[in-house]
Each structure stands twice: as structure tokens, then as C-alpha cells.
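With PDB, C-alpha atoms and all ligand atoms inside, this is input-v1.pdb:
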ATOM      1  CA  MET A 235       2.282  17.690 -27.200
ATOM      2  CA  TYR A 236       2.131  16.753 -23.535
ATOM      3  CA  ASN A 237       5.110  15.427 -21.628
ATOM      4  CA  VAL A 238       5.083  13.866 -18.143
ATOM      5  CA  THR A 239       8.021  16.051 -17.119
ATOM      6  CA  ASP A 240       5.973  19.252 -17.481
ATOM      7  CA  ILE A 241       2.388  18.026 -17.109
ATOM      8  CA  LYS A 242       0.219  19.503 -14.329
ATOM      9  CA  VAL A 243      -1.868  17.041 -12.323
ATOM     10  CA  GLY A 244      -4.775  18.286 -10.209
ATOM     11  CA  PHE A 245      -6.588  16.336  -7.487
ATOM     12  CA  LEU A 246     -10.258  17.024  -6.865
ATOM     13  CA  GLY A 247     -10.360  15.518  -3.371
ATOM     14  CA  PHE A 248      -7.175  14.856  -1.433
ATOM     15  CA  GLY A 249      -8.056  12.221   1.182
ATOM     16  CA  ASN A 250      -6.618   8.732   1.589
ATOM     17  CA  MET A 251      -6.586   7.799  -2.102
ATOM     18  CA  GLY A 252      -5.654  11.227  -3.483
ATOM     19  CA  GLN A 253      -2.716  11.375  -1.082
ATOM     20  CA  ALA A 254      -1.679   7.762  -1.828
ATOM     21  CA  ILE A 255      -1.472   8.522  -5.569
ATOM     22  CA  ALA A 256       0.334  11.832  -5.063
ATOM     23  CA  ASP A 257       2.771  10.165  -2.648
ATOM     24  CA  GLY A 258       3.478   7.430  -5.207
ATOM     25  CA  LEU A 259       4.063   9.956  -8.005
ATOM     26  CA  LEU A 260       6.486  11.869  -5.763
ATOM     27  CA  TYR A 261       8.167   8.789  -4.226
ATOM     28  CA  THR A 262       8.906   7.345  -7.668
ATOM     29  CA  LYS A 263       9.888  10.801  -8.970
ATOM     30  CA  THR A 264       7.328  10.414 -11.745
ATOM     31  CA  LEU A 265       6.334  14.019 -10.900
ATOM     32  CA  GLN A 266       7.893  16.891  -8.974
ATOM     33  CA  PRO A 267       5.859  18.569  -6.201
ATOM     34  CA  ASP A 268       5.308  21.771  -8.206
ATOM     35  CA  GLN A 269       3.487  19.735 -10.885
ATOM     36  CA  ILE A 270       0.726  18.765  -8.422
ATOM     37  CA  TYR A 271      -2.373  20.791  -7.403
ATOM     38  CA  ALA A 272      -5.166  19.756  -5.055
ATOM     39  CA  CYS A 273      -8.367  20.903  -3.396
ATOM     40  CA  GLY A 274     -10.455  19.320  -0.659
ATOM     41  CA  GLY A 275     -13.622  19.952   1.297
ATOM     42  CA  SER A 276     -11.833  21.800   4.100
ATOM     43  CA  TYR A 277      -9.066  24.187   2.975
ATOM     44  CA  GLY A 278      -7.365  23.997   6.401
ATOM     45  CA  ARG A 279      -6.928  20.221   6.229
ATOM     46  CA  LEU A 280      -5.924  20.365   2.553
ATOM     47  CA  LYS A 281      -3.333  23.088   3.201
ATOM     48  CA  ASN A 282      -1.581  20.973   5.837
ATOM     49  CA  ASN A 283      -1.574  17.885   3.615
ATOM     50  CA  ALA A 284      -0.291  19.936   0.665
ATOM     51  CA  GLU A 285       2.402  21.736   2.650
ATOM     52  CA  VAL A 286       4.083  18.577   3.913
ATOM     53  CA  ARG A 287       4.434  17.413   0.287
ATOM     54  CA  GLY A 288       5.345  20.780  -1.198
ATOM     55  CA  ILE A 289       2.407  20.672  -3.651
ATOM     56  CA  HIS A 290      -0.014  23.534  -4.503
ATOM     57  CA  ALA A 291      -3.051  23.897  -2.216
ATOM     58  CA  CYS A 292      -6.037  25.346  -4.112
ATOM     59  CA  TYR A 293      -9.129  26.986  -2.627
ATOM     60  CA  ASP A 294     -11.614  25.178  -4.852
ATOM     61  CA  ALA A 295     -12.126  22.786  -7.743
ATOM     62  CA  LYS A 296     -12.202  25.600 -10.334
ATOM     63  CA  GLU A 297      -8.706  26.708  -9.315
ATOM     64  CA  VAL A 298      -7.440  23.109  -9.659
ATOM     65  CA  VAL A 299      -9.043  22.666 -13.075
ATOM     66  CA  GLU A 300      -7.615  25.932 -14.394
ATOM     67  CA  ALA A 301      -4.103  24.963 -13.261
ATOM     68  CA  SER A 302      -4.108  21.316 -14.428
ATOM     69  CA  ASP A 303      -3.887  19.190 -17.577
ATOM     70  CA  VAL A 304      -4.838  15.934 -15.847
ATOM     71  CA  LEU A 305      -7.678  15.898 -13.305
ATOM     72  CA  VAL A 306      -7.815  13.090 -10.750
ATOM     73  CA  ILE A 307     -11.353  12.694  -9.383
ATOM     74  CA  ALA A 308     -10.736  11.427  -5.841
ATOM     75  CA  VAL A 309     -13.829  12.444  -3.880
ATOM     76  CA  LYS A 310     -16.336  10.025  -2.333
ATOM     77  CA  PRO A 311     -18.879   8.693  -4.857
ATOM     78  CA  GLY A 312     -21.665  10.905  -3.477
ATOM     79  CA  MET A 313     -19.563  14.037  -4.117
ATOM     80  CA  VAL A 314     -18.691  13.374  -7.787
ATOM     81  CA  GLU A 315     -21.718  15.085  -9.291
ATOM     82  CA  PRO A 316     -21.831  18.098  -6.903
ATOM     83  CA  VAL A 317     -18.110  18.718  -7.490
ATOM     84  CA  LEU A 318     -18.079  18.228 -11.303
ATOM     85  CA  SER A 319     -21.392  19.783 -12.342
ATOM     86  CA  PRO A 320     -20.466  23.438 -11.655
ATOM     87  CA  LEU A 321     -17.238  23.018 -13.672
ATOM     88  CA  GLY A 322     -19.114  22.413 -16.958
ATOM     89  CA  ALA A 323     -17.200  23.247 -20.132
ATOM     90  CA  LEU A 324     -13.945  23.833 -18.192
ATOM     91  CA  LEU A 325     -13.609  20.028 -18.112
ATOM     92  CA  LYS A 326     -13.618  19.609 -21.886
ATOM     93  CA  GLU A 327      -9.917  20.096 -22.620
ATOM     94  CA  LYS A 328      -8.742  18.055 -19.623
ATOM     95  CA  MET A 329      -7.647  14.436 -19.235
ATOM     96  CA  ILE A 330      -9.982  13.134 -16.524
ATOM     97  CA  LEU A 331      -8.824  10.194 -14.420
ATOM     98  CA  SER A 332     -11.429   8.864 -12.009
ATOM     99  CA  VAL A 333     -10.451   6.668  -9.054
ATOM    100  CA  VAL A 334     -13.995   6.583  -7.662
ATOM    101  CA  ALA A 335     -15.500   3.179  -6.837
ATOM    102  CA  ASN A 336     -18.574   2.264  -8.868
ATOM    103  CA  TYR A 337     -18.192   5.169 -11.298
ATOM    104  CA  LEU A 338     -17.571   3.609 -14.678
ATOM    105  CA  PHE A 339     -17.478   5.084 -18.197
ATOM    106  CA  GLU A 340     -21.260   5.172 -18.685
ATOM    107  CA  ASP A 341     -21.804   6.825 -15.278
ATOM    108  CA  TYR A 342     -19.511   9.686 -16.303
ATOM    109  CA  GLU A 343     -21.155   9.994 -19.719
ATOM    110  CA  LYS A 344     -24.367  10.889 -17.846
ATOM    111  CA  ILE A 345     -22.827  13.690 -15.781
ATOM    112  CA  LEU A 346     -19.951  15.149 -17.816
ATOM    113  CA  PRO A 347     -20.481  17.643 -20.658
ATOM    114  CA  GLU A 348     -20.477  15.961 -24.077
ATOM    115  CA  GLY A 349     -17.035  15.301 -25.579
ATOM    116  CA  CYS A 350     -15.045  15.052 -22.321
ATOM    117  CA  HIS A 351     -11.988  12.789 -22.220
ATOM    118  CA  HIS A 352     -12.182  10.417 -19.276
ATOM    119  CA  LEU A 353     -10.991   7.058 -17.906
ATOM    120  CA  SER A 354     -12.346   5.187 -14.874
ATOM    121  CA  THR A 355      -9.896   3.320 -12.658
ATOM    122  CA  ILE A 356      -9.540   1.784  -9.195
ATOM    123  CA  PRO A 357      -6.039   2.005  -7.686
ATOM    124  CA  ASN A 358      -4.968   0.236  -4.494
ATOM    125  CA  THR A 359      -3.125   1.840  -1.584
ATOM    126  CA  PRO A 360       0.373   0.382  -2.377
ATOM    127  CA  VAL A 361       0.502   2.975  -5.204
ATOM    128  CA  SER A 362       1.900   5.245  -2.474
ATOM    129  CA  VAL A 363       5.203   3.316  -2.585
ATOM    130  CA  GLY A 364       5.208   2.741  -6.344
ATOM    131  CA  GLU A 365       4.097  -0.905  -6.001
ATOM    132  CA  GLY A 366       0.381  -0.475  -6.613
ATOM    133  CA  ILE A 367      -2.133  -1.907  -9.019
ATOM    134  CA  THR A 368      -4.547   0.311 -10.912
ATOM    135  CA  ILE A 369      -7.491  -1.460 -12.501
ATOM    136  CA  CYS A 370      -8.492   0.517 -15.629
ATOM    137  CA  GLU A 371     -11.785   0.152 -17.455
ATOM    138  CA  LYS A 372     -11.130  -0.667 -21.142
ATOM    139  CA  LYS A 373     -13.800   1.709 -22.368
ATOM    140  CA  HIS A 374     -12.621   5.330 -22.169
ATOM    141  CA  SER A 375     -12.738   8.525 -24.182
ATOM    142  CA  LEU A 376      -9.171   9.779 -23.763
ATOM    143  CA  THR A 377      -7.317  10.788 -26.895
ATOM    144  CA  GLU A 378      -4.390   8.593 -27.898
ATOM    145  CA  GLU A 379      -2.005  11.131 -26.400
ATOM    146  CA  GLY A 380      -4.094  11.489 -23.232
ATOM    147  CA  TYR A 381      -4.117   7.710 -22.775
ATOM    148  CA  ARG A 382      -0.344   7.585 -23.222
ATOM    149  CA  ILE A 383       0.168  10.288 -20.583
ATOM    150  CA  ILE A 384      -2.228   8.695 -18.072
ATOM    151  CA  MET A 385      -0.623   5.257 -18.572
ATOM    152  CA  GLU A 386       2.802   6.804 -18.037
ATOM    153  CA  LEU A 387       1.587   8.257 -14.720
ATOM    154  CA  LEU A 388      -0.106   5.025 -13.590
ATOM    155  CA  SER A 389       2.815   2.835 -14.662
ATOM    156  CA  GLY A 390       5.064   5.083 -12.590
ATOM    157  CA  ILE A 391       3.231   4.003  -9.421
ATOM    158  CA  GLY A 392       2.824   0.304 -10.185
ATOM    159  CA  LEU A 393       0.996  -1.983 -12.556
ATOM    160  CA  ALA A 394      -1.863  -0.627 -14.703
ATOM    161  CA  VAL A 395      -4.222  -3.377 -15.848
ATOM    162  CA  GLU A 396      -7.036  -2.957 -18.386
ATOM    163  CA  VAL A 397     -10.262  -4.928 -17.856
ATOM    164  CA  ASP A 398     -13.794  -4.924 -19.262
ATOM    165  CA  GLY A 399     -16.343  -2.910 -17.286
ATOM    166  CA  ASP A 400     -17.979  -6.049 -15.896
ATOM    167  CA  GLN A 401     -14.622  -7.244 -14.484
ATOM    168  CA  VAL A 402     -13.734  -4.040 -12.649
ATOM    169  CA  ASN A 403     -15.326  -5.179  -9.371
ATOM    170  CA  ILE A 404     -13.680  -8.611  -9.192
ATOM    171  CA  ALA A 405     -10.309  -7.282 -10.378
ATOM    172  CA  SER A 406     -10.365  -4.461  -7.836
ATOM    173  CA  THR A 407     -11.407  -6.896  -5.102
ATOM    174  CA  ILE A 408      -8.239  -8.910  -5.722
ATOM    175  CA  SER A 409      -6.040  -5.807  -5.996
ATOM    176  CA  GLY A 410      -7.789  -3.418  -3.607
ATOM    177  CA  CYS A 411      -9.452  -5.507  -0.859
ATOM    178  CA  ALA A 412      -6.848  -8.232  -0.653
ATOM    179  CA  PRO A 413      -4.181  -5.929   0.875
ATOM    180  CA  ALA A 414      -6.426  -6.127   3.979
ATOM    181  CA  PHE A 415      -6.563  -9.940   3.706
ATOM    182  CA  ALA A 416      -2.787 -10.161   3.189
ATOM    183  CA  SER A 417      -2.248  -7.840   6.160
ATOM    184  CA  MET A 418      -4.351 -10.165   8.324
ATOM    185  CA  PHE A 419      -2.213 -13.137   7.228
ATOM    186  CA  THR A 420       0.952 -11.142   7.927
ATOM    187  CA  GLU A 421      -0.306 -10.113  11.360
ATOM    188  CA  ALA A 422      -1.243 -13.694  12.235
ATOM    189  CA  LEU A 423       2.209 -14.927  11.177
ATOM    190  CA  ALA A 424       3.842 -12.250  13.304
ATOM    191  CA  ASP A 425       1.621 -13.207  16.280
ATOM    192  CA  ALA A 426       2.859 -16.784  15.914
ATOM    193  CA  GLY A 427       6.434 -15.481  15.761
ATOM    194  CA  VAL A 428       5.875 -13.533  18.991
ATOM    195  CA  MET A 429       4.298 -16.605  20.589
ATOM    196  CA  TYR A 430       7.577 -18.408  19.968
ATOM    197  CA  GLY A 431       9.702 -15.569  21.332
ATOM    198  CA  LEU A 432      10.482 -13.198  18.440
ATOM    199  CA  PRO A 433      10.362  -9.480  19.245
ATOM    200  CA  ARG A 434       7.153  -7.990  17.758
ATOM    201  CA  LYS A 435       8.988  -5.525  15.511
ATOM    202  CA  MET A 436      11.201  -8.226  14.046
ATOM    203  CA  ALA A 437       8.199 -10.533  13.532
ATOM    204  CA  TYR A 438       6.434  -7.816  11.434
ATOM    205  CA  GLN A 439       9.639  -7.111   9.516
ATOM    206  CA  LEU A 440      10.086 -10.791   8.616
ATOM    207  CA  ALA A 441       6.431 -11.318   7.706
ATOM    208  CA  GLY A 442       6.266  -8.118   5.607
ATOM    209  CA  GLN A 443       9.441  -8.853   3.665
ATOM    210  CA  MET A 444       8.297 -12.451   3.132
ATOM    211  CA  ILE A 445       5.116 -11.122   1.429
ATOM    212  CA  THR A 446       7.119  -8.625  -0.670
ATOM    213  CA  GLY A 447       9.664 -11.224  -1.743
ATOM    214  CA  THR A 448       7.136 -13.974  -2.456
ATOM    215  CA  GLY A 449       5.061 -11.606  -4.607
ATOM    216  CA  LYS A 450       8.119 -10.413  -6.497
ATOM    217  CA  LEU A 451       9.398 -13.952  -7.042
ATOM    218  CA  MET A 452       6.034 -14.987  -8.478
ATOM    219  CA  THR A 453       5.590 -11.991 -10.808
ATOM    220  CA  GLU A 454       9.224 -11.905 -11.964
ATOM    221  CA  SER A 455       9.788 -15.651 -12.418
ATOM    222  CA  GLY A 456       6.322 -16.321 -13.825
ATOM    223  CA  LYS A 457       6.187 -19.439 -11.643
ATOM    224  CA  HIS A 458       2.847 -21.017 -10.777
ATOM    225  CA  PRO A 459       2.026 -20.460  -7.071
ATOM    226  CA  GLY A 460       1.667 -24.230  -6.626
ATOM    227  CA  GLU A 461       5.211 -24.719  -7.925
ATOM    228  CA  MET A 462       6.496 -22.065  -5.518
ATOM    229  CA  LYS A 463       4.790 -23.904  -2.652
ATOM    230  CA  ASP A 464       6.232 -27.240  -3.805
ATOM    231  CA  ASN A 465       9.720 -25.719  -4.001
ATOM    232  CA  VAL A 466       9.774 -25.062  -0.244
ATOM    233  CA  CYS A 467       8.149 -28.345   0.815
ATOM    234  CA  SER A 468      10.801 -31.048   1.022
ATOM    235  CA  PRO A 469       9.576 -34.640   1.494
ATOM    236  CA  GLY A 470       8.963 -35.364   5.172
ATOM    237  CA  GLY A 471      10.100 -31.815   5.973
ATOM    238  CA  THR A 472       8.807 -29.050   8.200
ATOM    239  CA  THR A 473       6.994 -26.797   5.686
ATOM    240  CA  ILE A 474       4.679 -29.519   4.370
ATOM    241  CA  VAL A 475       3.414 -30.043   7.928
ATOM    242  CA  GLY A 476       2.420 -26.360   8.052
ATOM    243  CA  VAL A 477       0.805 -26.594   4.591
ATOM    244  CA  ALA A 478      -1.251 -29.585   5.745
ATOM    245  CA  ALA A 479      -2.357 -27.663   8.854
ATOM    246  CA  LEU A 480      -3.488 -24.707   6.717
ATOM    247  CA  GLU A 481      -5.452 -27.062   4.453
ATOM    248  CA  LYS A 482      -7.087 -28.644   7.521
ATOM    249  CA  CYS A 483      -8.156 -25.188   8.714
ATOM    250  CA  GLY A 484      -9.701 -24.428   5.316
ATOM    251  CA  MET A 485      -7.381 -21.609   4.280
ATOM    252  CA  ARG A 486      -8.206 -21.739   0.545
ATOM    253  CA  ALA A 487     -11.941 -21.951   1.194
ATOM    254  CA  ALA A 488     -11.706 -19.016   3.637
ATOM    255  CA  VAL A 489      -9.955 -16.841   1.027
ATOM    256  CA  ILE A 490     -12.451 -17.718  -1.728
ATOM    257  CA  GLU A 491     -15.326 -17.040   0.688
ATOM    258  CA  ALA A 492     -13.865 -13.648   1.555
ATOM    259  CA  VAL A 493     -13.904 -12.699  -2.151
ATOM    260  CA  GLU A 494     -17.443 -14.105  -2.497
ATOM    261  CA  ALA A 495     -18.565 -11.945   0.436
ATOM    262  CA  VAL A 496     -17.188  -8.826  -1.266
ATOM    263  CA  MET A 497     -18.880  -9.725  -4.562
ATOM    264  CA  ASP A 498     -22.163 -10.325  -2.700
ATOM    265  CA  LYS A 499     -21.847  -6.828  -1.288
ATOM    266  CA  TYR A 500     -21.528  -5.516  -4.880
ATOM    267  CA  GLY A 501     -24.684  -7.473  -5.654
ATOM    268  CA  ILE A 502     -22.758  -9.843  -7.960
ATOM    269  CA  ASN A 503     -23.021 -13.625  -7.556
TER
HETATM  270  N1  LIG B   1      -9.280   4.529   0.117
HETATM  271  C1  LIG B   1      -9.101   3.531  -0.760
HETATM  272  O1  LIG B   1      -8.442   2.516  -0.497
HETATM  273  C2  LIG B   1      -9.714   3.635  -2.137
HETATM  274  C3  LIG B   1      -9.371   2.665  -3.103
HETATM  275  C4  LIG B   1      -9.864   2.804  -4.402
HETATM  276  C5  LIG B   1     -10.709   3.858  -4.717
HETATM  277  N2  LIG B   1     -11.049   4.764  -3.759
HETATM  278  C6  LIG B   1     -11.949   5.850  -4.129
HETATM  279  O2  LIG B   1     -11.291   7.079  -3.882
HETATM  280  C7  LIG B   1     -12.264   8.068  -3.570
HETATM  281  C8  LIG B   1     -11.805   8.806  -2.342
HETATM  282  O3  LIG B   1     -11.724   7.893  -1.277
HETATM  283  P1  LIG B   1     -10.855   8.227   0.006
HETATM  284  O4  LIG B   1     -10.714   6.970   0.763
HETATM  285  O5  LIG B   1      -9.650   8.989  -0.403
HETATM  286  O6  LIG B   1     -11.874   9.215   0.774
HETATM  287  P2  LIG B   1     -11.517  10.400   1.770
HETATM  288  O7  LIG B   1     -10.276  10.085   2.511
HETATM  289  O8  LIG B   1     -12.775  10.680   2.538
HETATM  290  O9  LIG B   1     -11.216  11.626   0.795
HETATM  291  C9  LIG B   1     -12.222  12.351   0.143
HETATM  292  C10 LIG B   1     -11.650  13.702  -0.209
HETATM  293  O10 LIG B   1     -12.669  14.464  -0.860
HETATM  294  C11 LIG B   1     -12.614  15.781  -0.310
HETATM  295  N3  LIG B   1     -13.819  16.542  -0.554
HETATM  296  C12 LIG B   1     -15.002  16.518   0.113
HETATM  297  N4  LIG B   1     -15.827  17.432  -0.418
HETATM  298  C13 LIG B   1     -15.163  18.050  -1.441
HETATM  299  C14 LIG B   1     -15.477  19.070  -2.360
HETATM  300  N5  LIG B   1     -16.662  19.660  -2.348
HETATM  301  N6  LIG B   1     -14.556  19.444  -3.259
HETATM  302  C15 LIG B   1     -13.326  18.838  -3.305
HETATM  303  N7  LIG B   1     -12.975  17.852  -2.446
HETATM  304  C16 LIG B   1     -13.883  17.474  -1.523
HETATM  305  C17 LIG B   1     -12.334  15.531   1.140
HETATM  306  O11 LIG B   1     -11.938  16.719   1.800
HETATM  307  P3  LIG B   1     -12.214  16.885   3.389
HETATM  308  O12 LIG B   1     -11.504  15.744   4.049
HETATM  309  O13 LIG B   1     -11.634  18.188   3.712
HETATM  310  O14 LIG B   1     -13.700  16.794   3.536
HETATM  311  C18 LIG B   1     -11.204  14.529   1.013
HETATM  312  O15 LIG B   1      -9.998  15.183   0.699
HETATM  313  C19 LIG B   1     -13.594   7.357  -3.340
HETATM  314  O16 LIG B   1     -14.464   7.613  -4.408
HETATM  315  C20 LIG B   1     -13.224   5.897  -3.291
HETATM  316  O17 LIG B   1     -14.218   5.087  -3.896
HETATM  317  C21 LIG B   1     -10.559   4.685  -2.480
END

File written out as C-alpha cells:
Amino acid sequence: MYNVTDIKVGFLGFGNMGQAIADGLLYTKTLQPDQIYACGGSYGRLKNNAEVRGIHACYDAKEVVEASDVLVIAVKPGMVEPVLSPLGALLKEKMILSVVANYLFEDYEKILPEGCHHLSTIPNTPVSVGEGITICEKKHSLTEEGYRIIMELLSGIGLAVEVDGDQVNIASTISGCAPAFASMFTEALADAGVMYGLPRKMAYQLAGQMITGTGKLMTESGKHPGEMKDNVCSPGGTTIVGVAALEKCGMRAAVIEAVEAVMDKYGIN
């Protein structure tokens, strides 16, 4: 019987996403550093990134697999097959958690040995502070216990949401690409604050906390976003003038077009 308090989690690939997940697991105290193992392409780079977190740096993927119960596949898509193929039957008893874009259940069925237990997901970078979203494909081959353990890990670093395979791209566009869109909005707000005399640092602090608080208010109160907008627009007041200006500039259309552009890139229309 596995337990999150003594489970070993190994990262195959420890770049931006591997580090974001490990940081989230440590930040939220879901795991302790000595429960985490990792390997990368360059041992030198990996060793530095492991040392600052107090986790185990491994020389290669085989060492990670031998030490771990859960394997997080966090290499670039083109490296999945070269990294996994030599591991063969060693993968069979492991709980495999993929975070690789465009690698869904059926893709893994083609490259993993028969009978492996795996789940495909797409996390976003806020997992590093325990406020992430991980989009999980509904179809998986984890055991009931494996699924429970993986969900416990993912829930520790944010919200884990199950979707059908054909919704993974749109769901991960909203959760994974939109942090860039939201950052652009935040930066623009801060620029406007600076234009009217706020110190830059304070402008970012206000804009960032406004995003955090607005998101939390919406998810915790269950309020419709339109109602939240209405609640700050008093008749003849100041906010409604800003709302009207955003409408005039086509803000909603711009956001929908941004998502459409991403879906086009996936070849989905
Ligand atoms: N970044 C995101 O926001 C994001 C979001 C969702 C999903 N993802 C997915 O996460 C995966 C990783 O993306 P990333 O942004 O973290 O890329 P990255 O920063 O380039 O990290 C890739 C990692 O793979 C390592 N690697 C290369 N060859 C290896 C090998 N033979 N054995 C073991 N490790 C090896 C690299 O090590 P070296 O640096 O030493 O070469 C590096 O640690 C991708 O599949 C991506 O689709 C990323």
C-alpha cells in the first residue's frame, strides 16, 4: 500500500516544468526533498538544480526509475521515445505521470511495454506555488491505488481536472497559455499605473494581487464573472467608463481570437 508520505517520485527531465512541479510539491510540503529523484540531459546542470532543492541528482534515467515509485515524464516531446525505450520492463511496476504536450494515452500505448500504468496530463507553471491547474486525460491505465496517489500529488499543487482526450488541447490552452495572456493584462495595467505616477514595483504588486484576489473570489464564491463585473460598476460611476472603453477596444474579441490562434496552431478549428 503506497502512501504519499513515503512515496518516491522520480523526474525524467528536470527543466522548466519538472522544476515547477517539484517546487510545488516542496512548497506545499506535499513531499520532502529526500522523496524526489531527477535526471536530465546534462548531469552538471541537473546537479546544480537538484542541490538547491536538496533532492537526489541521478546520473541517468535507469537510476531514477530504480529509485522511484512514481515517474514524471518531463522531457521535450521529441525525447520521450529515446528516453523511455531503453527502460523497457523496468517501467512496468511504476506509476507513470506524463506532462508532455501532445502525448496522450494512445501515444504512450504505442511506445510503452504492454501493461504499463500511465496517465497523461498538462500542468501549468503556477503549480510551482501550489496554485496550478493540471489537465488530466480521462483515459488512463493506472490502478485504483496509483490513481489515488497521483491525484493526491496533483491536488497538493493545485486543481486537477479530468477531461476527454479531445478536450485536452482547449483545456490546457485556458490553463496553460492564458497565464501569458493574464501576465500581459497585468503588465498593461501596471504600465497605466506608472503612467499616472505609481512606482513600478507597487504597480506590479497591485496588479498581481488584483488577479489573485479576483480569481479566488470567483472560484470560492461561485459567482458568474458578469456578476462580479456588475458588482464593481456603480451607475454613472468610474469603473463602468473603463468597462466601456475595454469593450470599444474589442477586449473580449481579442481574448477569443488569442485562443482561436492557439487552436489553429494545434490544427483544430
Ligand atoms: N514549460 C511549460 O510551461 C510546460 C507546460 C506544460 C507541459 N510542458 C511539457 O513539459 C515537458 C518539458 O518541458 P520544459 O519546458 O520543462 O522543457 P525543458 O526546460 O527544455 O526541460 C527538458 C528537460 O529534459 C532534459 N533532458 C534532455 N535530454 C534528456 C535525457 N536524455 N534524459 C533525461 N532528461 C533529458 C533536459 O536536460 P538538459 O537541460 O540538461 O538538456 C531538461 O531537464 C515538455 O514535453 C512540455 O511539452 C511544459

Residue members of the PyMOL selection byres (((not hetatm)) within 7 of (chain B and resi 1)) in the file shown, as a ChimeraX atom specification: /A:246-252,273-277,279-280,294-295,308-311,313,317,333-335,356-359,410

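Take the candidates A:Tyr271, A:Asn283, A:Asp240, A:Gly484 and check each one against A:Gln253 using all atoms listed in the file; the shortest distance goes to A:Asn283.
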
Between atom CA of A:Gly399 and atom CA of A:Phe339, distance in Å (one decimal):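 If I compute the distance from atom CA of A:Gly399 to atom CA of A:Phe339, I get 8.1 Å.
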
Nearby residues (all atoms listed in the file) at most 12 Å from A:Val299, same-chain spacing under 4 positions excluded, as an NGL selection string: :A and (242-246 or 270-273 or 292-295 or 303-307 or 317-318 or 320-330)

Given only C-alpha atoms as the counted atoms, nearest of A:His290, A:Glu396, A:Leu451, A:Gly380 to A:Ile367: A:Glu396

Atomic distance atom CA of A:Thr420 - atom CA of A:Cys483, expressed in Å with one decimal: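 Interatomic distance, atom CA of A:Thr420 to atom CA of A:Cys483: 16.8 Å.
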
Hits of the PyMOL selection byres (((chain A and resi 360) around 12) and not hetatm) in this structure, as a ChimeraX atom specification: /A:250-251,253-259,261,357-359,361-368,391-393,409-414,446

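Interatomic distance, atom CA of A:Asn237 to atom CA of A:Lys263: 14.3 Å.
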
Selection result for the PyMOL selection byres (((chain A and resi 370) around 10) and not hetatm) on this file, as a ChimeraX atom specification: /A:331-333,338,353-357,367-369,371-374,385,388,394-399,401-402,405-406

Which residue of A:Val475, A:Met436, A:Leu387, A:Val493 approaches A:Phe415 most closely, using all atoms listed in the file: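 Using all atoms listed in the file, A:Phe415 sits closest to A:Val493.
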
Contact residues around A:Asp425 with only C-alpha atoms at 8 Å, ignoring same-chain residues under 4 positions, as a ChimeraX atom specification: /A:421,429,434,437
